[in-house]
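This is structure-v3.txt. It holds compact mmCIF, C-alpha atoms.
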```txt
# COMPACT_ATOMS: atom_id res chain seq x y z
CA MET A 1295 0.00 0.00 0.00
CA PRO A 1296 1.54 3.34 -0.99
CA LEU A 1297 2.21 5.98 1.64
CA LEU A 1298 -0.01 9.02 1.02
CA THR A 1299 1.61 12.40 1.50
CA PRO A 1300 -0.28 15.65 0.96
CA THR A 1301 0.81 17.89 -1.85
CA GLY A 1302 1.61 21.54 -1.13
CA ALA A 1303 -1.86 22.72 -2.21
CA ALA A 1304 -3.62 20.03 -0.17
CA LEU A 1305 -1.52 20.88 2.88
CA ARG A 1306 -2.36 24.60 2.55
CA ARG A 1307 -6.08 23.79 2.29
CA PHE A 1308 -5.80 21.55 5.35
CA LEU A 1309 -4.05 24.24 7.41
CA THR A 1310 -6.40 27.04 6.39
CA LYS A 1311 -9.58 25.35 7.53
CA PRO A 1312 -11.13 27.59 10.23
CA SER A 1313 -11.53 24.82 12.80
CA LEU A 1314 -7.89 23.76 12.54
CA LEU A 1315 -6.70 27.34 12.71
CA ALA A 1316 -8.76 27.85 15.87
CA LEU A 1317 -7.36 24.64 17.33
CA ALA A 1318 -3.78 25.68 16.54
CA THR A 1319 -4.36 29.11 18.08
CA THR A 1320 -5.91 27.60 21.19
CA LEU A 1321 -2.99 25.22 21.60
CA ALA A 1322 -0.46 28.02 21.15
CA VAL A 1323 -2.20 30.28 23.68
CA GLY A 1324 -2.62 27.40 26.13
CA ALA A 1325 1.05 26.52 25.87
CA ALA A 1326 2.04 30.15 26.41
CA LEU A 1327 -0.20 30.44 29.47
CA ALA A 1328 1.05 27.17 30.91
CA PHE A 1329 4.64 28.26 30.45
CA GLY A 1330 3.90 31.68 31.91
CA VAL A 1331 2.15 30.27 34.99
CA ARG A 1332 4.94 27.79 35.54
CA ARG A 1333 7.46 30.60 35.35
CA LEU A 1334 5.50 32.55 37.97
CA VAL A 1335 5.64 29.64 40.40
CA THR A 1336 9.31 28.74 39.94
CA PRO A 1337 11.87 29.46 41.31
CA ALA A 1338 11.50 32.92 42.90
CA ALA A 1339 7.94 32.37 44.11
CA ALA A 1340 8.86 28.96 45.46
CA GLN A 1341 11.69 30.53 47.46
CA GLU A 1342 9.28 33.06 48.95
CA GLN A 1343 7.02 30.21 50.04
CA ALA A 1344 9.80 28.12 51.58
CA PRO A 1345 9.87 28.27 55.38
CA ALA A 1346 12.78 30.15 56.89
CA ARG A 1347 14.73 28.85 59.85
CA LYS A 1348 15.04 31.42 62.65
CA GLU A 1349 17.31 30.85 65.64
CA PHE A 1350 16.96 32.49 69.05
CA THR A 1351 18.76 32.19 72.36
CA ILE A 1352 16.66 33.25 75.32
CA THR A 1353 18.55 33.80 78.57
CA ALA A 1354 16.78 33.33 81.90
CA ARG A 1355 18.42 35.27 84.74
CA ASP A 1356 17.14 37.04 87.84
CA PHE A 1357 13.63 35.78 87.07
CA ARG A 1358 13.47 37.48 83.66
CA PHE A 1359 13.64 36.27 80.05
CA MET A 1360 15.96 38.15 77.70
CA PRO A 1361 14.83 38.89 75.08
CA SER A 1362 11.25 38.86 76.26
CA ARG A 1363 9.87 39.16 72.73
CA ILE A 1364 10.75 37.19 69.62
CA GLU A 1365 9.19 37.79 66.22
CA VAL A 1366 9.00 35.33 63.33
CA GLY A 1367 7.08 34.83 60.10
CA ARG A 1368 4.26 32.37 59.65
CA ASP A 1369 5.53 28.91 58.65
CA ASP A 1370 9.05 29.64 59.90
CA ILE A 1371 10.91 26.87 61.67
CA VAL A 1372 11.92 28.40 65.00
CA HIS A 1373 14.98 26.99 66.76
CA ILE A 1374 15.06 28.12 70.39
CA VAL A 1375 17.78 27.70 72.99
CA VAL A 1376 16.72 28.65 76.51
CA LYS A 1377 19.60 28.91 78.94
CA SER A 1378 19.67 29.62 82.64
CA GLU A 1379 22.42 31.70 84.17
CA ASP A 1380 21.43 31.04 87.77
CA VAL A 1381 18.52 28.88 89.03
CA ALA A 1382 16.22 26.38 87.32
CA TYR A 1383 13.38 27.82 85.23
CA GLY A 1384 10.44 26.61 83.23
CA PHE A 1385 9.69 27.68 79.66
CA THR A 1386 6.12 27.23 78.42
CA ILE A 1387 4.20 28.32 75.31
CA ASP A 1388 0.73 26.88 75.81
CA ASP A 1389 -0.57 27.45 72.26
CA TYR A 1390 2.35 25.48 70.80
CA ARG A 1391 2.25 22.80 73.49
CA VAL A 1392 5.80 23.56 74.57
CA SER A 1393 6.75 23.01 78.21
CA LYS A 1394 10.43 22.65 79.10
CA ARG A 1395 12.42 22.64 82.31
CA VAL A 1396 15.71 24.51 82.13
CA PRO A 1397 18.20 23.24 84.72
CA ALA A 1398 20.17 25.67 86.88
CA GLY A 1399 23.12 26.85 84.80
CA GLY A 1400 22.03 24.65 81.90
CA SER A 1401 20.03 24.93 78.72
CA VAL A 1402 17.30 23.30 76.71
CA VAL A 1403 16.96 23.28 72.90
CA PHE A 1404 13.84 22.74 70.79
CA ASP A 1405 12.26 23.58 67.44
CA LEU A 1406 8.72 24.61 66.66
CA HIS A 1407 6.82 25.29 63.46
CA ALA A 1408 5.18 28.74 63.64
CA ASP A 1409 2.07 27.62 61.77
CA ARG A 1410 -0.40 30.30 62.90
CA GLU A 1411 -0.32 34.06 63.18
CA GLY A 1412 -0.75 35.89 66.44
CA SER A 1413 0.85 36.74 69.74
CA PHE A 1414 1.64 33.79 72.00
CA PRO A 1415 2.79 34.34 75.58
CA PHE A 1416 5.61 32.33 77.10
CA TYR A 1417 6.34 32.07 80.81
CA SER A 1418 8.05 30.07 83.53
CA ASN A 1419 5.67 27.47 84.88
CA LEU A 1420 7.72 26.59 87.97
CA THR A 1421 6.22 27.23 91.40
CA THR A 1422 9.34 26.85 93.59
CA ASP A 1423 9.55 30.63 93.95
CA ALA A 1424 6.80 33.24 93.58
CA ARG A 1425 9.06 35.25 91.25
CA HIS A 1426 8.62 32.60 88.52
CA SER A 1427 5.07 33.92 87.98
CA GLN A 1428 6.55 37.30 86.95
CA MET A 1429 8.55 35.75 84.09
CA LYS A 1430 6.67 36.54 80.91
CA GLY A 1431 7.53 36.94 77.26
CA GLU A 1432 5.90 36.89 73.85
CA LEU A 1433 6.31 34.96 70.61
CA VAL A 1434 4.88 37.03 67.75
CA VAL A 1435 4.10 35.24 64.49
CA ARG A 1436 3.39 37.65 61.62
CA ARG A 1437 2.10 37.11 58.11
CA ARG A 1438 4.83 36.56 55.53
```

Since I need it in another form, could you write the structure as structure tokens?
Amino acid sequence: MPLLTPTGAALRRFLTKPSLLALATTLAVGAALAFGVRRLVTPAAAQEQAPARKEFTITARDFRFMPSRIEVGRDDIVHIVVKSEDVAYGFTIDDYRVSKRVPAGGSVVFDLHADREGSFPFYSNLTTDARHSQMKGELVVRRR
């Protein structure tokens, strides 16, 4: 069986049919849009969406936290070191279900995922001395 190939005139007639021209245009526009949308998502936009890692060292001394306020962006991974320079302390952030005991002269290390915006208090939950109840601080999670 012979292979049929269109002649130049037949090919021109085929390509000038309105329905095929519309199809070709639609495919070209669709491809351009798909490429354009993909370019918007990669790589710069993806980097903006990637969680950042923020590191903080909070010092507990004389029944105070220093700093008493830390600020991060939503979805950041927050690495916190709490160290005591004198007595044992507690470190609690109720909304993130964090409750740590910091030994006298020691430290505790943990990470949390700041997955919601707002202001979240932290405090010492120990009751061995009334001054623990005065130890307050704030984790602020802002929109990115």

Polymer residues at most 9 Å from Gly1412 in chain A, only C-alpha atoms, same-chain spacing of 5 or more positions, as a VMD selection string = chain A and resid 1433 to 1437

Near-Val1366 in chain A list (12 Å; all atoms listed in the file; drop same-chain fewer than 5 positions) as a PyMOL selection string | chain A and resi 1345-1350+1371-1374+1406-1414+1432-1438

Computed interatomic separation between CA of Arg1391 in chain A and CA of Gly1431 in chain A (Å) |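 Calculated distance between CA of Arg1391 in chain A and CA of Gly1431 in chain A is 15.6 Å.
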
Could you tell me which of A:Arg1358, A:Ser1393, A:Ala1382, A:Thr1353 comes closest to Thr1421 in chain A if we count all atoms listed in the file?
->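 Of the candidates, the smallest distance to Thr1421 in chain A is held by A:Ala1382.
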
When you draw a straight line from CA of Asp1356 in chain A to CA of Glu1379 in chain A, how long is it in Å?
->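 So the answer is 8.4 Å.
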
Coordinates-based distance that separates CA of Asp1389 in chain A from CA of Asp1423 in chain A (Å, one decimal) =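 About the pair CA of Asp1423 in chain A and CA of Asp1389 in chain A: they are 24.1 Å apart.
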
List the neighbours of Met1360 in chain A out to 12 Å using all atoms listed in the file; skip same-chain residues closer than 5 positions along the sequence, and give me the result as a list in words.
->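 In the requested format, the answer is Phe1350, Thr1351, Ile1352, Thr1353, Ala1354, Arg1355, Val1375, Val1376, Lys1377, Ser1378, Glu1379, Phe1416, Tyr1417, Met1429, Lys1430, Gly1431 and Glu1432 of chain A.
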
Among listed residues A:Val1392, A:Ser1401, A:Ala1344, A:Gly1384, nearest Asp1370 in chain A (using all atoms listed in the file) |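 Residue with the minimum atom-to-atom distance to Asp1370 in chain A: A:Ala1344.
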
For Val1402 in chain A, the nearest of the candidates A:Pro1361, A:Pro1415, A:Phe1385, A:Asp1380, counting all atoms listed in the file |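 Checking each candidate against Val1402 in chain A, we get A:Phe1385 as the closest.
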